[in-house]
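Engineer: My structure is in upload19.pdb, and what it holds is PDB, C-alpha atoms:
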```
ATOM      1  CA  MET Q   1      95.284 116.352  72.231
ATOM      2  CA  LYS Q   2      98.478 117.961  73.523
ATOM      3  CA  THR Q   3     101.565 118.088  71.449
ATOM      4  CA  LYS Q   4     104.960 117.297  72.937
ATOM      5  CA  ARG Q   5     107.310 120.151  73.012
ATOM      6  CA  PRO Q   6     110.915 119.435  72.078
ATOM      7  CA  ILE Q   7     113.679 119.547  74.716
ATOM      8  CA  ASN Q   8     115.756 122.675  74.333
ATOM      9  CA  ILE Q   9     119.036 123.922  75.850
ATOM     10  CA  ILE Q  10     117.272 125.618  78.797
ATOM     11  CA  ASP Q  11     115.683 122.292  79.800
ATOM     12  CA  ILE Q  12     119.066 120.573  79.678
ATOM     13  CA  ILE Q  13     120.684 123.298  81.845
ATOM     14  CA  ILE Q  14     117.888 122.993  84.420
ATOM     15  CA  ILE Q  15     118.231 119.189  84.542
ATOM     16  CA  VAL Q  16     122.040 119.399  84.929
ATOM     17  CA  ALA Q  17     121.683 122.038  87.678
ATOM     18  CA  LEU Q  18     119.195 119.889  89.603
ATOM     19  CA  LEU Q  19     121.408 116.809  89.296
ATOM     20  CA  SER Q  20     124.393 118.850  90.529
ATOM     21  CA  ILE Q  21     122.459 120.055  93.573
ATOM     22  CA  VAL Q  22     121.294 116.527  94.418
ATOM     23  CA  GLY Q  23     124.837 115.185  93.955
ATOM     24  CA  ALA Q  24     126.358 117.906  96.163
ATOM     25  CA  THR Q  25     123.765 117.252  98.867
ATOM     26  CA  VAL Q  26     124.447 113.503  98.867
ATOM     27  CA  TYR Q  27     128.203 114.131  98.954
ATOM     28  CA  GLY Q  28     127.734 116.597 101.829
ATOM     29  CA  PHE Q  29     125.872 114.037 103.900
ATOM     30  CA  ILE Q  30     128.478 111.379 103.237
ATOM     31  CA  SER Q  31     131.525 113.535 103.970
ATOM     32  CA  GLY Q  32     130.062 115.719 106.742
ATOM     33  CA  PHE Q  33     128.345 118.949 105.738
ATOM     34  CA  GLY Q  34     130.527 121.971 106.330
ATOM     35  CA  ASP Q  35     132.918 119.929 108.441
ATOM     36  CA  SER Q  36     135.983 122.091 108.175
ATOM     37  CA  SER Q  37     137.263 120.774 111.513
ATOM     38  CA  GLU Q  38     140.693 119.279 111.519
ATOM     39  CA  LYS Q  39     140.632 115.733 112.886
ATOM     40  CA  ALA Q  40     143.762 114.345 114.491
ATOM     41  CA  THR Q  41     145.022 111.509 116.639
ATOM     42  CA  VAL Q  42     146.249 113.030 119.887
ATOM     43  CA  ARG Q  43     148.115 111.756 122.911
ATOM     44  CA  TYR Q  44     147.465 113.510 126.207
ATOM     45  CA  VAL Q  45     148.645 112.995 129.770
ATOM     46  CA  LEU Q  46     146.367 113.140 132.799
ATOM     47  CA  LYS Q  47     147.864 113.749 136.247
ATOM     48  CA  VAL Q  48     146.163 112.515 139.403
ATOM     49  CA  ASP Q  49     147.621 114.274 142.453
ATOM     50  CA  SER Q  50     148.102 112.521 145.767
ATOM     51  CA  ILE Q  51     146.255 109.268 145.137
ATOM     52  CA  SER Q  52     146.552 106.257 147.410
ATOM     53  CA  SER Q  53     149.478 104.190 146.104
ATOM     54  CA  GLU Q  54     147.298 101.061 146.282
ATOM     55  CA  LEU Q  55     144.898 102.511 143.698
ATOM     56  CA  CYS Q  56     147.575 103.174 141.076
ATOM     57  CA  SER Q  57     147.393  99.566 139.900
ATOM     58  CA  LYS Q  58     143.676  99.994 139.084
ATOM     59  CA  VAL Q  59     144.545 101.691 135.760
ATOM     60  CA  ALA Q  60     146.176  99.572 133.047
ATOM     61  CA  VAL Q  61     147.299  99.943 129.442
ATOM     62  CA  GLY Q  62     144.351  99.236 127.155
ATOM     63  CA  ASP Q  63     141.688 100.502 129.580
ATOM     64  CA  GLY Q  64     138.987 102.756 128.181
ATOM     65  CA  VAL Q  65     138.867 106.329 129.487
ATOM     66  CA  TYR Q  66     135.425 107.899 130.034
ATOM     67  CA  ASP Q  67     134.377 111.445 130.856
ATOM     68  CA  HIS Q  68     132.265 111.076 134.001
ATOM     69  CA  ALA Q  69     129.981 114.023 133.116
ATOM     70  CA  THR Q  70     129.027 112.796 129.626
ATOM     71  CA  ALA Q  71     129.758 109.042 130.002
ATOM     72  CA  GLN Q  72     131.436 109.180 126.579
ATOM     73  CA  ARG Q  73     134.680 107.394 125.799
ATOM     74  CA  ILE Q  74     137.527 109.877 125.393
ATOM     75  CA  GLY Q  75     140.404 107.546 124.670
ATOM     76  CA  THR Q  76     142.431 104.477 125.525
ATOM     77  CA  VAL Q  77     145.227 104.243 128.103
ATOM     78  CA  THR Q  78     148.604 103.737 126.389
ATOM     79  CA  ALA Q  79     150.947 104.192 129.380
ATOM     80  CA  VAL Q  80     150.790 104.515 133.169
ATOM     81  CA  SER Q  81     153.518 105.776 135.511
ATOM     82  CA  THR Q  82     153.768 106.944 139.107
ATOM     83  CA  ALA Q  83     155.908 109.275 141.177
ATOM     84  CA  GLN Q  84     156.183 109.827 144.917
ATOM     85  CA  ALA Q  85     153.749 112.460 146.250
ATOM     86  CA  TYR Q  86     155.369 115.233 148.295
ATOM     87  CA  HIS Q  87     154.085 117.888 150.645
ATOM     88  CA  ASN Q  88     155.734 121.225 149.941
ATOM     89  CA  GLY Q  89     155.854 123.845 152.632
ATOM     90  CA  THR Q  90     158.189 126.016 154.684
ATOM     91  CA  ASP Q  91     159.928 125.501 157.999
ATOM     92  CA  PRO Q  92     159.638 128.012 160.890
ATOM     93  CA  GLN Q  93     162.488 130.066 159.366
ATOM     94  CA  GLY Q  94     160.626 130.347 156.020
ATOM     95  CA  THR Q  95     162.920 127.941 154.166
ATOM     96  CA  PRO Q  96     161.093 125.800 151.582
ATOM     97  CA  VAL Q  97     160.928 122.134 152.558
ATOM     98  CA  SER Q  98     159.515 119.091 150.838
ATOM     99  CA  SER Q  99     158.656 115.814 152.507
ATOM    100  CA  PRO Q 100     157.253 112.596 151.027
ATOM    101  CA  ILE Q 101     153.661 111.706 151.815
ATOM    102  CA  GLU Q 102     153.629 108.065 152.922
ATOM    103  CA  GLY Q 103     151.241 105.851 150.978
ATOM    104  CA  LYS Q 104     150.476 108.519 148.362
ATOM    105  CA  SER Q 105     151.599 108.758 144.742
ATOM    106  CA  ILE Q 106     151.156 110.997 141.735
ATOM    107  CA  LEU Q 107     149.636 108.995 138.882
ATOM    108  CA  TYR Q 108     150.372 109.906 135.243
ATOM    109  CA  ILE Q 109     148.091 108.342 132.632
ATOM    110  CA  THR Q 110     148.861 108.674 128.915
ATOM    111  CA  VAL Q 111     145.784 108.454 126.704
ATOM    112  CA  GLU Q 112     145.468 108.265 122.916
ATOM    113  CA  THR Q 113     142.332 109.191 120.981
ATOM    114  CA  SER Q 114     140.872 110.763 117.860
ATOM    115  CA  ALA Q 115     140.014 114.434 118.398
ATOM    116  CA  ILE Q 116     138.841 117.529 116.584
ATOM    117  CA  LYS Q 117     141.130 120.576 116.672
ATOM    118  CA  ALA Q 118     139.383 123.492 118.392
ATOM    119  CA  LYS Q 119     140.451 127.105 118.925
ATOM    120  CA  SER Q 120     141.670 126.468 122.466
ATOM    121  CA  GLY Q 121     142.803 122.858 122.290
ATOM    122  CA  TYR Q 122     140.899 119.778 121.158
ATOM    123  CA  THR Q 123     137.427 118.317 121.494
ATOM    124  CA  VAL Q 124     137.031 114.610 122.165
ATOM    125  CA  ALA Q 125     133.466 113.243 121.961
ATOM    126  CA  SER Q 126     132.043 116.668 122.978
ATOM    127  CA  THR Q 127     134.517 116.997 125.872
ATOM    128  CA  PRO Q 128     136.829 120.023 125.597
ATOM    129  CA  LEU Q 129     140.435 119.040 126.190
ATOM    130  CA  ASN Q 130     143.197 121.538 126.865
ATOM    131  CA  ILE Q 131     146.211 121.837 129.150
ATOM    132  CA  GLY Q 132     145.207 122.719 132.697
ATOM    133  CA  ARG Q 133     141.642 121.420 132.378
ATOM    134  CA  THR Q 134     140.376 119.358 135.308
ATOM    135  CA  LEU Q 135     138.361 116.285 134.356
ATOM    136  CA  ASP Q 136     136.408 113.733 136.368
ATOM    137  CA  ILE Q 137     137.432 110.473 134.711
ATOM    138  CA  ARG Q 138     136.163 106.915 134.932
ATOM    139  CA  TYR Q 139     138.275 103.867 134.107
ATOM    140  CA  PRO Q 140     136.956 100.303 134.365
ATOM    141  CA  ASN Q 141     138.257  99.994 137.946
ATOM    142  CA  LEU Q 142     138.738 103.588 139.141
ATOM    143  CA  PHE Q 143     137.053 106.986 139.312
ATOM    144  CA  CYS Q 144     139.256 110.034 139.929
ATOM    145  CA  THR Q 145     139.719 113.727 139.272
ATOM    146  CA  SER Q 146     142.674 114.499 137.045
ATOM    147  CA  THR Q 147     144.329 117.423 135.302
ATOM    148  CA  CYS Q 148     145.469 117.425 131.688
ATOM    149  CA  VAL Q 149     149.182 118.297 131.785
ATOM    150  CA  SER Q 150     150.177 117.788 128.139
ATOM    151  CA  ILE Q 151     148.682 117.248 124.684
ATOM    152  CA  GLU Q 152     150.550 116.330 121.515
ATOM    153  CA  ASN Q 153     149.656 115.272 118.009
ATOM    154  CA  ALA Q 154     150.325 111.529 117.753
ATOM    155  CA  GLU Q 155     150.369 111.327 113.960
TER     156      GLU Q 155
END
```
Write the structure described by the file as C-alpha coordinates, please.
Structural biologist:
Amino acid sequence: MKTKRPINIIDIIIIVALLSIVGATVYGFISGFGDSSEKATVRYVLKVDSISSELCSKVAVGDGVYDHATAQRIGTVTAVSTAQAYHNGTDPQGTPVSSPIEGKSILYITVETSAIKAKSGYTVASTPLNIGRTLDIRYPNLFCTSTCVSIENAE
(Lines of atoms letter the chains of each structure in order from A and count residues from 1; the text may use other names and numbers.)
(Lines give C-alpha, C1' and ligand atoms only; values in the text may rest on other atoms or scores of the structure.)
Protein backbone atom coordinates (compact mmCIF):
# COMPACT_ATOMS: atom_id res chain seq x y z
CA MET A 1 0.00 0.00 0.00
CA LYS A 2 1.25 3.44 -1.01
CA THR A 3 1.29 6.28 1.40
CA LYS A 4 0.13 9.74 0.37
CA ARG A 5 2.78 12.32 0.38
CA PRO A 6 1.85 15.72 1.78
CA ILE A 7 1.55 18.76 -0.52
CA ASN A 8 4.53 21.05 -0.10
CA ILE A 9 5.40 24.57 -1.30
CA ILE A 10 7.00 23.30 -4.54
CA ASP A 11 3.75 21.55 -5.50
CA ILE A 12 1.78 24.74 -4.87
CA ILE A 13 4.20 26.82 -7.01
CA ILE A 14 3.92 24.31 -9.87
CA ILE A 15 0.11 24.33 -9.70
CA VAL A 16 -0.01 28.16 -9.65
CA ALA A 17 2.44 28.34 -12.59
CA LEU A 18 0.35 25.91 -14.65
CA LEU A 19 -2.86 27.80 -13.89
CA SER A 20 -1.16 31.07 -14.89
CA ILE A 21 -0.04 29.60 -18.21
CA VAL A 22 -3.52 28.23 -18.96
CA GLY A 23 -5.09 31.57 -18.00
CA ALA A 24 -2.67 33.56 -20.18
CA THR A 25 -3.32 31.24 -23.12
CA VAL A 26 -7.10 31.59 -22.80
CA TYR A 27 -6.78 35.37 -22.49
CA GLY A 28 -4.50 35.44 -25.55
CA PHE A 29 -7.06 33.60 -27.66
CA ILE A 30 -9.85 35.88 -26.52
CA SER A 31 -8.00 39.17 -27.03
CA GLY A 32 -5.92 38.21 -30.09
CA PHE A 33 -2.50 36.68 -29.51
CA GLY A 34 0.28 39.17 -30.04
CA ASP A 35 -2.09 41.59 -31.72
CA SER A 36 -0.16 44.78 -31.23
CA SER A 37 -1.82 46.31 -34.31
CA GLU A 38 -3.57 49.58 -33.81
CA LYS A 39 -7.20 49.36 -34.95
CA ALA A 40 -8.94 52.52 -36.08
CA THR A 41 -12.02 53.76 -37.88
CA VAL A 42 -10.85 55.47 -41.05
CA ARG A 43 -12.48 57.54 -43.75
CA TYR A 44 -10.93 57.42 -47.20
CA VAL A 45 -11.81 58.94 -50.56
CA LEU A 46 -11.71 57.03 -53.84
CA LYS A 47 -11.48 58.95 -57.12
CA VAL A 48 -12.81 57.51 -60.37
CA ASP A 49 -11.40 59.44 -63.33
CA SER A 50 -13.43 60.14 -66.45
CA ILE A 51 -16.47 57.96 -65.83
CA SER A 52 -19.66 58.24 -67.85
CA SER A 53 -21.84 60.82 -66.08
CA GLU A 54 -24.80 58.41 -66.30
CA LEU A 55 -22.97 55.87 -64.12
CA CYS A 56 -22.33 58.29 -61.25
CA SER A 57 -25.81 57.67 -59.87
CA LYS A 58 -25.04 53.93 -59.53
CA VAL A 59 -23.17 54.57 -56.24
CA ALA A 60 -25.20 55.70 -53.22
CA VAL A 61 -24.65 56.44 -49.54
CA GLY A 62 -24.95 53.21 -47.58
CA ASP A 63 -23.67 50.95 -50.37
CA GLY A 64 -21.11 48.31 -49.45
CA VAL A 65 -17.65 48.65 -50.99
CA TYR A 66 -15.86 45.44 -52.04
CA ASP A 67 -12.31 44.80 -53.21
CA HIS A 68 -12.75 43.02 -56.54
CA ALA A 69 -9.57 40.92 -56.13
CA THR A 70 -10.46 39.48 -52.70
CA ALA A 71 -14.27 39.92 -52.74
CA GLN A 72 -14.01 41.21 -49.16
CA ARG A 73 -15.98 44.19 -47.89
CA ILE A 74 -13.71 47.17 -47.32
CA GLY A 75 -16.20 49.74 -46.12
CA THR A 76 -19.47 51.58 -46.53
CA VAL A 77 -20.11 54.61 -48.74
CA THR A 78 -20.75 57.72 -46.61
CA ALA A 79 -20.71 60.41 -49.33
CA VAL A 80 -20.66 60.71 -53.13
CA SER A 81 -19.79 63.78 -55.21
CA THR A 82 -18.92 64.52 -58.82
CA ALA A 83 -16.92 67.07 -60.77
CA GLN A 84 -16.67 67.81 -64.48
CA ALA A 85 -13.97 65.78 -66.26
CA TYR A 86 -11.49 67.85 -68.28
CA HIS A 87 -8.92 67.06 -70.93
CA ASN A 88 -5.68 68.91 -70.26
CA GLY A 89 -3.29 69.55 -73.08
CA THR A 90 -1.47 72.28 -74.98
CA ASP A 91 -2.36 74.32 -78.03
CA PRO A 92 -0.06 74.57 -81.10
CA GLN A 93 1.87 77.40 -79.39
CA GLY A 94 2.55 75.21 -76.31
CA THR A 95 0.12 77.07 -74.04
CA PRO A 96 -1.68 74.79 -71.56
CA VAL A 97 -5.38 74.42 -72.30
CA SER A 98 -8.17 72.57 -70.57
CA SER A 99 -11.48 71.62 -72.11
CA PRO A 100 -14.46 69.79 -70.59
CA ILE A 101 -15.12 66.24 -71.74
CA GLU A 102 -18.82 66.02 -72.60
CA GLY A 103 -20.69 63.25 -70.81
CA LYS A 104 -17.79 62.43 -68.48
CA SER A 105 -17.37 63.16 -64.78
CA ILE A 106 -14.88 62.58 -62.00
CA LEU A 107 -16.54 60.59 -59.21
CA TYR A 108 -15.42 60.99 -55.58
CA ILE A 109 -16.60 58.30 -53.16
CA THR A 110 -16.05 58.68 -49.41
CA VAL A 111 -15.87 55.37 -47.56
CA GLU A 112 -15.75 54.62 -43.83
CA THR A 113 -14.44 51.38 -42.34
CA SER A 114 -12.53 49.72 -39.52
CA ALA A 115 -8.85 49.25 -40.39
CA ILE A 116 -5.55 48.16 -38.94
CA LYS A 117 -2.70 50.69 -38.95
CA ALA A 118 0.20 49.41 -41.05
CA LYS A 119 3.67 50.84 -41.69
CA SER A 120 2.68 52.38 -45.02
CA GLY A 121 -0.98 53.17 -44.48
CA TYR A 122 -3.81 50.90 -43.38
CA THR A 123 -5.02 47.37 -44.02
CA VAL A 124 -8.72 46.73 -44.49
CA ALA A 125 -9.79 43.06 -44.61
CA SER A 126 -6.35 42.06 -46.01
CA THR A 127 -6.43 44.86 -48.61
CA PRO A 128 -3.58 47.38 -48.27
CA LEU A 129 -4.89 50.93 -48.37
CA ASN A 130 -2.67 53.96 -48.88
CA ILE A 131 -2.78 57.22 -50.81
CA GLY A 132 -2.09 56.70 -54.50
CA ARG A 133 -3.08 53.02 -54.51
CA THR A 134 -5.25 51.91 -57.43
CA LEU A 135 -8.07 49.55 -56.52
CA ASP A 136 -10.61 47.62 -58.58
CA ILE A 137 -13.80 48.17 -56.61
CA ARG A 138 -17.26 46.63 -56.74
CA TYR A 139 -20.39 48.37 -55.48
CA PRO A 140 -23.85 46.78 -55.65
CA ASN A 141 -24.53 48.44 -59.03
CA LEU A 142 -21.08 49.36 -60.39
CA PHE A 143 -17.58 48.00 -60.98
CA CYS A 144 -14.77 50.51 -61.53
CA THR A 145 -11.09 51.22 -61.07
CA SER A 146 -10.39 53.96 -58.57
CA THR A 147 -7.48 55.66 -56.84
CA CYS A 148 -7.30 56.39 -53.12
CA VAL A 149 -6.73 60.15 -52.84
CA SER A 150 -7.04 60.69 -49.08
CA ILE A 151 -7.20 58.77 -45.79
CA GLU A 152 -8.02 60.19 -42.38
CA ASN A 153 -8.74 58.83 -38.94
CA ALA A 154 -12.50 59.14 -38.36
CA GLU A 155 -12.42 58.74 -34.58
Engineer: Which protein, DNA or RNA residues are at most 10 Å from (140.4, 110.2, 139.2) in the file's coordinates when you count only C-alpha atoms, listed as a list of chain:residue names?
Structural biologist: Q:Leu46, Q:Lys47, Q:Val48, Q:Asp49, Q:Ile51, Q:Leu55, Q:His68, Q:Leu107, Q:Thr134, Q:Leu135, Q:Asp136, Q:Ile137, Q:Arg138, Q:Tyr139, Q:Leu142, Q:Phe143, Q:Cys144, Q:Thr145, Q:Ser146, Q:Thr147
Engineer: Draw an axis-aligned box over all listed atoms of segment 50-67 of chain Q, pad each side with 3 Å, and write its centre and edge lengths in Å, one decimal, as AutoDock Vina command-line options.
Structural biologist:
```
--center_x 141.9 --center_y 105.9 --center_z 137.3 --size_x 21.1 --size_y 19.3 --size_z 26.3
```
Engineer: Considering all atoms listed in the file, state which residue in the set Q:Glu102, Q:Glu112, Q:Glu38, Q:Asp91 is at the smallest distance from Val65 of chain Q.
Structural biologist: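 Looking only at the distances to Val65 of chain Q, the closest residue turns out to be Q:Glu112.
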Engineer: Between Q:Ala40, Q:Val111, Q:Ile21, Q:Val97, which is the closest to Gly62 of chain Q once you count all atoms listed in the file?
Structural biologist: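 Of all the options, Q:Val111 lies closest to Gly62 of chain Q.
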Engineer: To one decimal place, how far is atom CA of Ala83 of chain Q from atom CA of Lys58 of chain Q in Å?
Structural biologist: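 So the answer is 15.5 Å.
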Engineer: Quick check on the file I pasted: which residues fall under the PyMOL selection byres ((chain Q and resi 109) around 10)? Write them as a PDB file with C-alpha atoms, in the frame of the given file.
Structural biologist:
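Written output follows (selection_4.pdb):
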```pdb
ATOM      1  CA  TYR Q  44     147.465 113.510 126.207  1.00  0.00           C
ATOM      2  CA  VAL Q  45     148.645 112.995 129.770  1.00  0.00           C
ATOM      3  CA  LEU Q  46     146.367 113.140 132.799  1.00  0.00           C
ATOM      4  CA  LYS Q  47     147.864 113.749 136.247  1.00  0.00           C
ATOM      5  CA  VAL Q  48     146.163 112.515 139.403  1.00  0.00           C
ATOM      6  CA  CYS Q  56     147.575 103.174 141.076  1.00  0.00           C
ATOM      7  CA  VAL Q  59     144.545 101.691 135.760  1.00  0.00           C
ATOM      8  CA  ALA Q  60     146.176  99.572 133.047  1.00  0.00           C
ATOM      9  CA  VAL Q  61     147.299  99.943 129.442  1.00  0.00           C
ATOM     10  CA  VAL Q  65     138.867 106.329 129.487  1.00  0.00           C
ATOM     11  CA  THR Q  76     142.431 104.477 125.525  1.00  0.00           C
ATOM     12  CA  VAL Q  77     145.227 104.243 128.103  1.00  0.00           C
ATOM     13  CA  THR Q  78     148.604 103.737 126.389  1.00  0.00           C
ATOM     14  CA  ALA Q  79     150.947 104.192 129.380  1.00  0.00           C
ATOM     15  CA  VAL Q  80     150.790 104.515 133.169  1.00  0.00           C
ATOM     16  CA  SER Q  81     153.518 105.776 135.511  1.00  0.00           C
ATOM     17  CA  THR Q  82     153.768 106.944 139.107  1.00  0.00           C
ATOM     18  CA  ILE Q 106     151.156 110.997 141.735  1.00  0.00           C
ATOM     19  CA  LEU Q 107     149.636 108.995 138.882  1.00  0.00           C
ATOM     20  CA  TYR Q 108     150.372 109.906 135.243  1.00  0.00           C
ATOM     21  CA  THR Q 110     148.861 108.674 128.915  1.00  0.00           C
ATOM     22  CA  VAL Q 111     145.784 108.454 126.704  1.00  0.00           C
ATOM     23  CA  SER Q 146     142.674 114.499 137.045  1.00  0.00           C
ATOM     24  CA  CYS Q 148     145.469 117.425 131.688  1.00  0.00           C
TER      25      CYS Q 148
END
```
Engineer: Translate the PyMOL selection byres ((chain Q and resi 85-89) around 7), as applied to the file shown, into an explicit residue set as a list in words.
Structural biologist: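 Expected selection for the PyMOL selection byres ((chain Q and resi 85-89) around 7) here is Ser50, Ala83, Gln84, Thr90, Asp91, Pro96, Val97, Ser98, Ser99, Pro100, Ile101, Lys104, Ser105 and Ile106 of chain Q.
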Engineer: Taking all atoms listed in the file into account, which of Q:Ala24, Q:Leu19, Q:Ile12, Q:Ala154 comes nearest Thr113 of chain Q?
Structural biologist: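 Looking at the shortest contact to Thr113 of chain Q, the residue is Q:Ala154.
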Engineer: Record the distance separating atom CA of Asn153 of chain Q and atom CA of Asn141 of chain Q, expressed in Å with one decimal.
Structural biologist: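 Taking atom CA of Asn153 of chain Q as the start and atom CA of Asn141 of chain Q as the end point, the length is 27.6 Å.
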Engineer: For atom CA of Gly132 of chain Q and atom CA of Gly94 of chain Q, quote the distance in Å rounded to one decimal.
Structural biologist: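 Atom CA of Gly94 of chain Q lies 29.0 Å from atom CA of Gly132 of chain Q.
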Engineer: Could you check the closest approach to Val149 of chain Q for each of Q:Arg133, Q:Lys39, Q:Lys4, Q:Lys117 and tell me which residue wins, using all atoms listed in the file?
Structural biologist: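 Going through Q:Arg133, Q:Lys39, Q:Lys4, Q:Lys117 one by one, the smallest distance to Val149 of chain Q is for Q:Arg133.
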Engineer: Would you please work out which residue, of Q:Gln93, Q:Ile116, Q:Ser53, Q:Val42, is nearest to Glu155 of chain Q when using only C-alpha atoms?
Structural biologist: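 Checking each candidate against Glu155 of chain Q, we get Q:Val42 as the closest.
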Engineer: As a VMD selection string, please: the residues near Lys119 of chain Q (cut-off 12 Å, all atoms listed in the file, same-chain neighbours under 4 positions excluded).
Structural biologist: chain Q and resid 37 to 38 123 128 to 130
Engineer: Pick from Q:Ser126, Q:Ser150, Q:Thr41, Q:Ser20: nearest to Ala71 of chain Q, with all atoms listed in the file counted?
Structural biologist: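 Under the stated criterion, the closest residue is Q:Ser126.
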